[in-house]
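Trainee: Dumping the structure here so I can ask a few things about it.
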Amino acid sequence: MGKSETAGRRRDWLALAVLVLPVLLVSVDVTVLGFALPAISEDLRPSAVQQLWFVDVYSLVLGGLLVLMGTLGDRFGRRTVLLWGAAAFGGASVLASIAPSAGFLVAARALLGIGGATLMPSTLALIRGIFTEPARRRVAIAVWAAAFSGGMGLGPVLGGWLLEHFRWGSVFLINVPVMLVLLLVGPFVLPELRDPAPGRFDVLSALLSLAAAVPVIYGIKQFAEHGADRVAVLSVVAGTLVGVWFVRRQRALPNPMLDLALFRDGTFAASVLTETLGVFALVGSLFLVPQYLQLVLGLPALVAALWLLPATAASIVGSLGAVRLARRMPVRRLIAGGLFLAALGFAALAGVGVHAGLVLLIVAMTFVEFGESLSATLTSDLIVSAAAPERAGAAAAISETAYELGAALGTAVLGSVAAAVYRAGIPAEAGEIARETLGGATTTAAGMPSPHREILLETAKQAFVNGFRVSAIAGAVLLAATALLAFVLLRFRGGSPPAASSAARWSARRTSS
């Protein structure tokens, strides 16, 4: 290996270190806001609707813009889109930290969603272009996935510590110095990668992609919060109809915004489906875990977050271990095996109880996180590897959209199942507030005399655990079925699917740029 090649490899790994920064922050941002909501509510005094929008507007905007931002990266340059997104994310973080009103914070969170939509697909697409060798690319994607997993686990711990020492705005300000590093260093270590022949940009397709994604995600969230009401149904139907229009237009255009030919690749289509179903089961059941730890077992929020760190560590090990395991075993067996291991963890979660279950939950979550991260790392690699390098932005956007859609669907469907089981276990005389959530039952019980208070709390906790168990069993069945599906559909035997275009030719273009 010559000196120039060695220097190039070092530059590639330095670029990866820079690309990990925004991924880490976006994943932290997913979980940290929940810890800040009580302090924000006390300071800004939002309405119930505004408080919901603090959380929902970010995911709505981000999910709606992923495909558009991915294709813009292919067209105008992924480094350019990434750096503009980093500037928007940092600026929006400052605005959110000093928000004087609830409406102002909602607008700032929307801007954060715009910035976030550029970061995830751009980083994954840049990795696809920088690491042209399959073995090195898999290592890079494993590091990328481990950073995301680590950020998800770090968010609650970091948020709890910041809120103990600083104002709630600090949970947003932590984004600023990291984004400044990205903006200062990125232009020097990240190559500019783009589609050399993108064709004409279709504005209508961009608008249709947004008009399809946002109503569907919003309708799913409405379903999770209020059931199948008119708003939820109409939103999903309207978004689906616009989505059909979007697909038909892409098929008719000579240079479509989203290349639907990607889905003709069996590996690509199967990987996207596997990722969506895996996230559906994972997120749909796991949003109940913090509530179990805090409301059933009575752990403080920060202590509950610390107890989940072993599972976070297992997730990081699963992502990084995928690389070594993929050298010795067929990828489809690893993906199926990881999902099946996660299914076993979910099955074990069905054994938790009202007064005991902490150790069982931590062990089960360790299995779940290890198996799911192993599978997700390899499916992400397959998705971006199946696309031509010049279309990596669109492929990465599809991967991230699959994650967002799976998460929203999982929360809505499995969350609704758990809520229905909970509601059925609470007597009507306890009142509507107590029958809605375990938190509502806790509030209702606080105003009741003994022994009625203790009876209601015990009944509500048991009802919640019953719903948790049903959700866990449903997640286990779905993950086991997804494991079988992945094993059947991912038929290639090698370490990676063949590249869709010449890696050497793309590498030459990258070097010359």
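Following the order of the structure tokens, first chain is A, next is B, and so on, with residues numbered from 1 inside each chain and ligands from 1 in the order they appear.
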Extract, using only C-alpha atoms, all DNA, RNA and protein residues at most 10 Å from segment 156-170 of chain A, discarding same-chain residues fewer than 4 positions from it, and format them as a ChimeraX atom specification.
Mentor: /A:28-40,43,93-99,151-152,174-175,301-306,308-309
Trainee: Quick one: which segment 108-154 of chain A residues come within 12 Å of segment 184-193 of chain A, and what is the nearest atom pair for each with the distance in Å to one decimal, counting only C-alpha atoms, rows ordered by chain and ascending number, as a Markdown table?
Mentor:
| residue | atom | partner | partner_atom | distance |
| --- | --- | --- | --- | --- |
| A:Ser122 | CA | A:Leu193 | CA | 10.0 |
| A:Thr123 | CA | A:Leu190 | CA | 10.1 |
| A:Ala125 | CA | A:Leu193 | CA | 8.8 |
| A:Leu126 | CA | A:Leu193 | CA | 7.1 |
| A:Ile127 | CA | A:Leu190 | CA | 9.9 |
| A:Arg128 | CA | A:Leu193 | CA | 9.9 |
| A:Gly129 | CA | A:Leu193 | CA | 7.0 |
| A:Ile130 | CA | A:Pro191 | CA | 7.7 |
| A:Phe131 | CA | A:Pro191 | CA | 11.4 |
Trainee: For Thr240 of chain A, work out the shell of residues within 9 Å, counting only C-alpha atoms and skipping chain neighbours fewer than 5 positions away, then give it as a ChimeraX atom specification.
Mentor: /A:212-213,215-216,235,245
Trainee: Distance atom CA of Phe287 of chain A-atom CA of Leu210 of chain A, one decimal place?
Mentor: 26.6 Å
Trainee: Skipping near chain neighbours, those fewer than 6 positions away, what residues fall within 8 Å of segment 268-282 of chain A using only C-alpha atoms, listed as JSON, numbers by chain?
Mentor: {"A": [262, 339, 372, 376, 379, 380, 382, 383, 386, 387, 398, 399, 402, 403, 405, 406, 407, 408, 409, 410, 411, 414, 474, 475, 476, 478, 479, 482, 485, 486, 489, 490]}
Trainee: Determine the nearest neighbour of Gly64 of chain A from the options A:Leu25, A:Val214, A:Leu19, A:Leu14, counting only C-alpha atoms.
Mentor: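 When distances to Gly64 of chain A are compared using only C-alpha atoms, the smallest one comes from A:Val214.
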Trainee: Using only C-alpha atoms, pick whichever of A:Arg11, A:Arg469, A:Arg435, A:Arg200 has the shortest atom-to-atom distance to Leu72 of chain A.
Mentor: A:Arg200
Trainee: I'd like the neighbourhood of Ala313 of chain A as a list in words, where a residue qualifies if any of its atoms comes within 9 Å (using only C-alpha atoms), though same-chain residues fewer than 2 positions away should be ignored.
Mentor: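 Contacts, with the query itself left out: Ser149, Gly150, Gly153, Leu308, Leu309, Pro310, Ala311, Ser315, Ile316, Val317, Gly318, Thr366, Glu369 and Phe370 of chain A.
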Trainee: Can you spit out the residues from that selection as an mmCIF file, in the first residue's frame, using N, CA, C and O atoms?
Mentor:
data_model
loop_
_atom_site.group_PDB
_atom_site.id
_atom_site.type_symbol
_atom_site.label_atom_id
_atom_site.label_comp_id
_atom_site.auth_asym_id
_atom_site.auth_seq_id
_atom_site.Cartn_x
_atom_site.Cartn_y
_atom_site.Cartn_z
ATOM 1 N N SER A 149 -27.284 4.374 18.118
ATOM 2 C CA SER A 149 -27.737 3.610 19.286
ATOM 3 C C SER A 149 -27.222 4.245 20.573
ATOM 4 O O SER A 149 -27.954 4.375 21.564
ATOM 5 N N GLY A 150 -25.948 4.646 20.565
ATOM 6 C CA GLY A 150 -25.381 5.272 21.749
ATOM 7 C C GLY A 150 -26.071 6.573 22.105
ATOM 8 O O GLY A 150 -26.314 6.863 23.281
ATOM 9 N N GLY A 153 -29.400 6.004 23.877
ATOM 10 C CA GLY A 153 -29.252 5.669 25.285
ATOM 11 C C GLY A 153 -28.702 6.816 26.107
ATOM 12 O O GLY A 153 -29.041 6.975 27.283
ATOM 13 N N LEU A 308 -31.099 1.297 31.890
ATOM 14 C CA LEU A 308 -31.187 0.879 30.494
ATOM 15 C C LEU A 308 -29.850 0.983 29.748
ATOM 16 O O LEU A 308 -29.763 0.603 28.578
ATOM 17 N N LEU A 309 -28.817 1.486 30.407
ATOM 18 C CA LEU A 309 -27.515 1.609 29.750
ATOM 19 C C LEU A 309 -26.919 0.262 29.318
ATOM 20 O O LEU A 309 -26.260 0.188 28.276
ATOM 21 N N PRO A 310 -27.094 -0.842 30.094
ATOM 22 C CA PRO A 310 -26.585 -2.131 29.585
ATOM 23 C C PRO A 310 -27.196 -2.515 28.234
ATOM 24 O O PRO A 310 -26.496 -3.068 27.372
ATOM 25 N N ALA A 311 -28.468 -2.212 28.052
ATOM 26 C CA ALA A 311 -29.099 -2.495 26.761
ATOM 27 C C ALA A 311 -28.497 -1.620 25.665
ATOM 28 O O ALA A 311 -28.303 -2.070 24.524
ATOM 29 N N SER A 315 -26.521 -2.770 22.283
ATOM 30 C CA SER A 315 -26.841 -2.282 20.946
ATOM 31 C C SER A 315 -25.577 -1.863 20.199
ATOM 32 O O SER A 315 -25.412 -2.161 19.010
ATOM 33 N N ILE A 316 -24.687 -1.179 20.891
ATOM 34 C CA ILE A 316 -23.420 -0.757 20.271
ATOM 35 C C ILE A 316 -22.581 -1.982 19.897
ATOM 36 O O ILE A 316 -22.017 -2.059 18.802
ATOM 37 N N VAL A 317 -22.517 -2.960 20.799
ATOM 38 C CA VAL A 317 -21.768 -4.185 20.527
ATOM 39 C C VAL A 317 -22.371 -4.922 19.328
ATOM 40 O O VAL A 317 -21.650 -5.448 18.465
ATOM 41 N N GLY A 318 -23.705 -4.952 19.241
ATOM 42 C CA GLY A 318 -24.358 -5.606 18.116
ATOM 43 C C GLY A 318 -24.022 -4.948 16.790
ATOM 44 O O GLY A 318 -23.766 -5.633 15.794
ATOM 45 N N THR A 366 -31.434 -6.386 26.823
ATOM 46 C CA THR A 366 -30.089 -6.592 26.283
ATOM 47 C C THR A 366 -30.146 -7.491 25.053
ATOM 48 O O THR A 366 -29.500 -7.218 24.033
ATOM 49 N N GLU A 369 -31.920 -5.382 22.149
ATOM 50 C CA GLU A 369 -31.091 -4.338 21.545
ATOM 51 C C GLU A 369 -29.931 -4.933 20.748
ATOM 52 O O GLU A 369 -29.584 -4.437 19.668
ATOM 53 N N PHE A 370 -29.314 -5.997 21.256
ATOM 54 C CA PHE A 370 -28.220 -6.619 20.517
ATOM 55 C C PHE A 370 -28.721 -7.187 19.188
ATOM 56 O O PHE A 370 -28.140 -6.944 18.128
#
Trainee: Between A:Val289, A:Leu68, A:Val242, A:Ala92, which residue has the minimum interatomic distance to Leu105 of chain A, considering only C-alpha atoms?
Mentor: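 Using only C-alpha atoms, the shortest distance to Leu105 of chain A belongs to A:Ala92.
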Trainee: Just checking: using only C-alpha atoms, which residue out of A:Ala441, A:Leu374, A:Met69, A:Ala397 ends up closest to Glu454 of chain A?
Mentor: A:Ala441
Trainee: Could you pull out the helix (DSSP H, G or I) residues of segment 305-388 of chain A, going by DSSP on the backbone, and write them as a VMD selection string?
Mentor: chain A and resid 305 to 307 309 to 326 331 to 349 358 to 386
Trainee: Looking at only C-alpha atoms, which of A:Phe104, A:Phe468, A:Trp53, A:Phe148 is the one that sits closest to Val26 of chain A?
Mentor: A:Phe148
Trainee: Distance atom CA of Pro196 of chain A-atom CA of Leu66 of chain A, one decimal place?
Mentor: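 According to the coordinates, atom CA of Pro196 of chain A and atom CA of Leu66 of chain A are separated by 21.2 Å.
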Trainee: Just checking: using only C-alpha atoms, which residue out of A:Leu438, A:Ala472, A:Ala483, A:Val178 ends up closest to Phe340 of chain A?
Mentor: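 Residue with the minimum atom-to-atom distance to Phe340 of chain A: A:Ala483.
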Trainee: Env of segment 137-143 of chain A: 6 Å cut, atoms = only C-alpha atoms, seq-sep filter 6 positions within chain, self excluded. Answer as a PyMOL selection string.
Mentor: chain A and resi 131+319-320+323+377
